[in-house]
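Enquirer: The structure's right below; bear with me while I get my questions together.
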2 protein chains.
Amino acid sequence: MKRISVACALLYVAAIAVSLRAQQPSSDGPQFVNGNELVRPVNYREWPCVGSSLGLSYLQGAGTQSAPPFTSVFVNPSSYRAFLQSGQWPDHTILVLEIRRSATAASPLTAGQYPTELGGLEAHVKDSRLPGGWAFFNWGPVRSMKASAAPIPQDASIQGEGTCVDCHVTHGAVERTFVQFYPQLMDVARAKGTVKAGFR
Amino acid sequence: MKRISVACALLYVAAIAVSLRAQQPSSDGPQFVNGNELVRPVNYREWPCVGSSLGLSYLQGAGTQSAPPFTSVFVNPSSYRAFLQSGQWPDHTILVLEIRRSATAASPLTAGQYPTELGGLEAHVKDSRLPGGWAFFNWGPVRSMKASAAPIPQDASIQGEGTCVDCHVTHGAVERTFVQFYPQLMDVARAKGTVKAGFR
């Protein structure tokens, strides 16, 4: 009798544990090591891709590139679903920017451009522990890509065109992100009224 | 004693059921109604996006479009994972082609193109019940998009450029699919030796 009760109790605990595991969302947000080094997610290509673009640039002369980069942005699934509900990014959101080279279509095709080999991998993270609540990360060159990366300094800029942070704060349609280039999410943000005041 | 045994047996069955449910892949493949009408998946944007492209076309004069379409291909998650393992598509694979209009970046950006409003939604399905094992589907114009669609006839062609099927059979890098435009999967296909003989 006692043995049966113990077995029963163990089974009950096991059933609850399995049930909880099946119900809880997986922890798919940003993972850090050594304090604030962001771990490069290995499975980001299974995450929702919220937007792709060809040759988007804020640098003078960028329009003359013969093979502009093809970029895609992937978001951790739970934050993507939260955005669909609220039009805003929850804390612990990670957006991964994948940069690839591009090629022009050849025969039998007559036109078009598509992505080819990987050129780089960066991230934008929302985490209340970070200064301003957000930070950018870059895991470095493809051939020596790091497993984790420290935040890019808040005052970093590219070719003296102003800081990354200022541009995202000023021109991002929602919070610090360029949702204007993520058409499905832009529709959500308009419907939820979360597009920044003054954004045109 | 008998009551405890019955409760124990029920708990045991419940534990097995929950455990099986947690382990089994969800049924994310193509769903049909009325025989062979493909149901339009509502959550395809949560599926892995295997490739995007701008203005890919096989029609003469396509290169002169001022706003070429932006296309992205999404695959049901279990088939995507199977491809990563084998370099081939399992039976019951659905590839969704999302077609959007494109826009050219404006200030503060200096260059680039990105996708805007939805222009159409098509699919390519591998299912052993279909003639030849594959079929194309088109849910129709955006403003009157159907919830399900019958297969496009096997002899369909666009502007007399040969049939869709022939082109995919002849020019697809893997089976009937244009994996040559899905860079991550093309690397997998090369590693697994599943690129068609004769494909260059």
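Residue numbering restarts at 1 for every chain of the structure tokens, chains are lettered A, B, ... in their displayed order, and ligands are numbered from 1 as they appear.
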Each residue of chain B with at least one atom at most 7 Å from chain A should appear once, together with its nearest atom pair and the corresponding distance in Å (one decimal); atoms considered: only C-alpha atoms; ordering: chain, then increasing residue number; output as a Markdown table.

Expert:
```
| residue | atom | partner | partner_atom | distance |
| --- | --- | --- | --- | --- |
| B:Cys8 | CA | A:Cys8 | CA | 5.5 |
| B:Leu11 | CA | A:Tyr12 | CA | 6.6 |
| B:Tyr12 | CA | A:Leu11 | CA | 6.6 |
| B:Ala15 | CA | A:Ala15 | CA | 4.7 |
| B:Val18 | CA | A:Ser19 | CA | 6.2 |
| B:Ser19 | CA | A:Val18 | CA | 6.2 |
| B:Ala22 | CA | A:Ala22 | CA | 5.5 |
| B:Arg45 | CA | A:Pro48 | CA | 6.4 |
| B:Glu46 | CA | A:Pro48 | CA | 4.9 |
| B:Trp47 | CA | A:Pro48 | CA | 6.3 |
| B:Pro48 | CA | A:Glu46 | CA | 4.9 |
| B:Cys49 | CA | A:Cys49 | CA | 6.2 |
| B:Ser52 | CA | A:Tyr114 | CA | 6.6 |
| B:Ser53 | CA | A:Tyr114 | CA | 4.5 |
| B:Leu54 | CA | A:Gln113 | CA | 5.3 |
| B:Gly55 | CA | A:Gly112 | CA | 4.3 |
| B:Leu56 | CA | A:Gly112 | CA | 3.8 |
| B:Ser57 | CA | A:Ala111 | CA | 5.3 |
| B:Tyr58 | CA | A:Leu109 | CA | 4.2 |
| B:Leu59 | CA | A:Thr110 | CA | 6.2 |
| B:Gln60 | CA | A:Thr110 | CA | 6.3 |
| B:Ala62 | CA | A:Ala111 | CA | 6.0 |
| B:Gly63 | CA | A:Ala111 | CA | 4.9 |
| B:Ala105 | CA | A:Leu56 | CA | 6.9 |
| B:Pro108 | CA | A:Tyr58 | CA | 6.3 |
| B:Leu109 | CA | A:Tyr58 | CA | 4.2 |
| B:Thr110 | CA | A:Tyr58 | CA | 5.0 |
| B:Ala111 | CA | A:Gly63 | CA | 4.9 |
| B:Gly112 | CA | A:Leu56 | CA | 3.8 |
| B:Gln113 | CA | A:Leu54 | CA | 5.3 |
| B:Tyr114 | CA | A:Ser53 | CA | 4.5 |
| B:Pro115 | CA | A:Pro183 | CA | 6.7 |
| B:Thr116 | CA | A:Pro183 | CA | 5.4 |
| B:Glu117 | CA | A:Pro183 | CA | 6.6 |
| B:Phe181 | CA | A:Tyr114 | CA | 6.3 |
| B:Pro183 | CA | A:Thr116 | CA | 5.4 |
```

Enquirer: Could you take the residues named above and write them with N, CA, C and O atoms, as a CSV table (one decimal), in the first residue's frame?

Expert:
```csv
chain,number,residue,atom,x,y,z
B,8,CYS,N,-4.0,5.6,-10.0
B,8,CYS,CA,-2.6,5.4,-10.4
B,8,CYS,C,-2.6,5.1,-11.9
B,8,CYS,O,-1.8,5.7,-12.6
B,11,LEU,N,-3.5,8.2,-13.9
B,11,LEU,CA,-2.3,9.1,-13.9
B,11,LEU,C,-1.3,8.7,-14.8
B,11,LEU,O,-0.7,9.5,-15.6
B,12,TYR,N,-1.0,7.4,-14.9
B,12,TYR,CA,0.0,6.8,-15.7
B,12,TYR,C,-0.3,7.1,-17.2
B,12,TYR,O,0.5,7.6,-18.0
B,15,ALA,N,0.1,10.7,-18.0
B,15,ALA,CA,1.5,11.1,-18.1
B,15,ALA,C,2.0,10.7,-19.4
B,15,ALA,O,2.8,11.5,-20.1
B,18,VAL,N,0.5,13.1,-22.2
B,18,VAL,CA,1.2,14.4,-22.2
B,18,VAL,C,2.6,14.3,-22.7
B,18,VAL,O,3.0,15.1,-23.5
B,19,SER,N,3.3,13.3,-22.3
B,19,SER,CA,4.7,13.1,-22.8
B,19,SER,C,4.7,12.9,-24.3
B,19,SER,O,5.6,13.5,-25.0
B,22,ALA,N,4.1,16.1,-26.1
B,22,ALA,CA,5.3,17.0,-26.0
B,22,ALA,C,6.3,16.6,-27.0
B,22,ALA,O,7.1,17.5,-27.5
B,45,ARG,N,3.9,33.1,-41.6
B,45,ARG,CA,5.0,34.0,-41.3
B,45,ARG,C,5.8,33.7,-40.1
B,45,ARG,O,6.8,34.3,-39.7
B,46,GLU,N,5.3,32.7,-39.3
B,46,GLU,CA,6.0,32.1,-38.2
B,46,GLU,C,7.0,31.0,-38.7
B,46,GLU,O,7.8,30.5,-37.9
B,47,TRP,N,6.8,30.6,-39.9
B,47,TRP,CA,7.6,29.5,-40.4
B,47,TRP,C,9.0,30.0,-40.9
B,47,TRP,O,9.2,31.2,-41.2
B,48,PRO,N,10.0,29.1,-40.9
B,48,PRO,CA,11.3,29.5,-41.4
B,48,PRO,C,11.2,30.1,-42.9
B,48,PRO,O,10.6,29.5,-43.7
B,49,CYS,N,11.9,31.3,-43.0
B,49,CYS,CA,11.9,31.9,-44.4
B,49,CYS,C,13.3,31.4,-45.0
B,49,CYS,O,14.3,31.7,-44.5
B,52,SER,N,14.7,35.1,-49.8
B,52,SER,CA,14.0,36.3,-50.3
B,52,SER,C,14.7,36.8,-51.6
B,52,SER,O,15.9,36.5,-51.8
B,53,SER,N,14.0,37.4,-52.5
B,53,SER,CA,14.6,37.9,-53.7
B,53,SER,C,13.8,39.2,-54.2
B,53,SER,O,12.7,39.4,-53.8
B,54,LEU,N,14.5,39.9,-55.0
B,54,LEU,CA,13.9,41.1,-55.6
B,54,LEU,C,13.8,41.0,-57.1
B,54,LEU,O,14.9,40.9,-57.7
B,55,GLY,N,12.6,41.0,-57.6
B,55,GLY,CA,12.4,41.0,-59.1
B,55,GLY,C,12.9,39.8,-59.9
B,55,GLY,O,13.1,39.9,-61.1
B,56,LEU,N,13.0,38.7,-59.2
B,56,LEU,CA,13.4,37.5,-60.0
B,56,LEU,C,12.3,37.2,-61.0
B,56,LEU,O,11.1,37.1,-60.7
B,57,SER,N,12.7,37.0,-62.3
B,57,SER,CA,11.8,36.8,-63.4
B,57,SER,C,12.4,36.0,-64.5
B,57,SER,O,13.6,36.1,-64.7
B,58,TYR,N,11.5,35.3,-65.2
B,58,TYR,CA,12.0,34.6,-66.4
B,58,TYR,C,11.3,35.2,-67.7
B,58,TYR,O,11.4,34.6,-68.8
B,59,LEU,N,10.7,36.4,-67.5
B,59,LEU,CA,10.0,37.0,-68.6
B,59,LEU,C,10.9,38.1,-69.3
B,59,LEU,O,11.6,38.8,-68.6
B,60,GLN,N,10.8,38.2,-70.6
B,60,GLN,CA,11.6,39.2,-71.3
B,60,GLN,C,11.1,40.6,-70.9
B,60,GLN,O,9.9,40.8,-70.7
B,62,ALA,N,11.6,42.0,-68.0
B,62,ALA,CA,11.3,42.1,-66.6
B,62,ALA,C,12.3,43.1,-65.9
B,62,ALA,O,12.0,43.7,-64.9
B,63,GLY,N,13.5,43.2,-66.4
B,63,GLY,CA,14.6,44.0,-65.8
B,63,GLY,C,14.3,45.5,-65.8
B,63,GLY,O,15.0,46.3,-65.2
B,105,ALA,N,14.1,53.2,-50.9
B,105,ALA,CA,14.3,53.9,-49.6
B,105,ALA,C,14.4,55.4,-49.9
B,105,ALA,O,14.9,55.9,-50.8
B,108,PRO,N,16.0,59.3,-44.2
B,108,PRO,CA,17.5,59.6,-44.2
B,108,PRO,C,18.3,58.5,-45.0
B,108,PRO,O,19.5,58.7,-45.0
B,109,LEU,N,17.7,57.5,-45.5
B,109,LEU,CA,18.5,56.5,-46.3
B,109,LEU,C,18.8,57.1,-47.6
B,109,LEU,O,18.2,58.0,-48.2
B,110,THR,N,19.9,56.5,-48.2
B,110,THR,CA,20.4,57.0,-49.5
B,110,THR,C,20.2,56.0,-50.6
B,110,THR,O,20.3,56.4,-51.8
B,111,ALA,N,19.9,54.8,-50.2
B,111,ALA,CA,19.8,53.7,-51.3
B,111,ALA,C,19.1,52.5,-50.7
B,111,ALA,O,19.0,52.3,-49.5
B,112,GLY,N,18.5,51.7,-51.6
B,112,GLY,CA,18.0,50.4,-51.1
B,112,GLY,C,16.5,50.2,-51.5
B,112,GLY,O,15.8,51.1,-51.8
B,113,GLN,N,16.1,48.9,-51.5
B,113,GLN,CA,14.8,48.6,-51.8
B,113,GLN,C,14.3,47.6,-50.7
B,113,GLN,O,15.0,46.8,-50.2
B,114,TYR,N,13.0,47.7,-50.4
B,114,TYR,CA,12.4,46.9,-49.3
B,114,TYR,C,10.9,46.5,-49.7
B,114,TYR,O,10.3,47.3,-50.5
B,115,PRO,N,10.4,45.5,-49.1
B,115,PRO,CA,9.0,45.0,-49.4
B,115,PRO,C,8.0,45.9,-48.7
B,115,PRO,O,8.2,46.4,-47.6
B,116,THR,N,6.9,46.1,-49.4
B,116,THR,CA,5.7,46.8,-48.8
B,116,THR,C,4.5,45.9,-48.8
B,116,THR,O,4.5,44.8,-48.3
B,117,GLU,N,3.4,46.4,-49.4
B,117,GLU,CA,2.1,45.7,-49.2
B,117,GLU,C,2.0,44.4,-50.0
B,117,GLU,O,2.7,44.2,-51.0
B,181,PHE,N,18.3,29.6,-54.8
B,181,PHE,CA,18.1,31.0,-54.3
B,181,PHE,C,17.9,31.0,-52.8
B,181,PHE,O,17.5,32.0,-52.2
B,183,PRO,N,20.1,30.4,-49.8
B,183,PRO,CA,21.6,30.1,-49.6
B,183,PRO,C,21.9,29.2,-48.5
B,183,PRO,O,22.8,28.3,-48.7
```

Enquirer: Could you pull the residues within 7 Å of A:Leu95, counting only C-alpha atoms, minus those fewer than 5 positions along the same chain, as a PyMOL selection string?

Expert: chain A and resi 73-76+123-125

Enquirer: Do you have the atom CA of A:Asp91-atom CA of A:Phe136 distance handy?

Expert: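 Atom CA of A:Phe136 lies at a distance of 14.8 Å from atom CA of A:Asp91.
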
Enquirer: Could you tell me which of B:Gly132, B:Asp127, B:Ala149, B:Pro141 comes closest to B:Asp166 if we count only C-alpha atoms?

Expert: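 Nearest candidate to B:Asp166 out of B:Gly132, B:Asp127, B:Ala149, B:Pro141: B:Gly132.
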
Enquirer: What parts of stretch 26-145 of chain A does DSSP call alpha helix (DSSP H)? I'd like the answer as a list in words.

Expert: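 Alpha helix (DSSP H) members of stretch 26-145 of chain A, listed: Pro77, Ser78, Ser79, Tyr80, Arg81, Ala82, Phe83, Leu84, Gln85 and Ser86 of chain A.
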
Enquirer: With distances taken over only C-alpha atoms, which residue among B:Cys164, B:Ala173, B:Ala82, B:Ile94 lies nearest B:Asp28?

Expert: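 When distances to B:Asp28 are compared using only C-alpha atoms, the smallest one comes from B:Ile94.
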
Enquirer: Using atom CA of B:Phe137 and atom CA of B:Lys192 as the two end points, give the distance in Å to one decimal.

Expert: 28.9 Å

Enquirer: Would you mind telling me which residue in B:Val96, B:Pro30, B:Trp134, B:Gln88 lies nearest to B:Thr194 when using only C-alpha atoms?

Expert: B:Gln88

Enquirer: Counting only C-alpha atoms, figure out which residue out of B:Leu185, B:Ala135, B:Ala191, B:Ala156 gets nearest to B:Thr93.

Expert: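 Distance minimum relative to B:Thr93 lands on B:Ala135.
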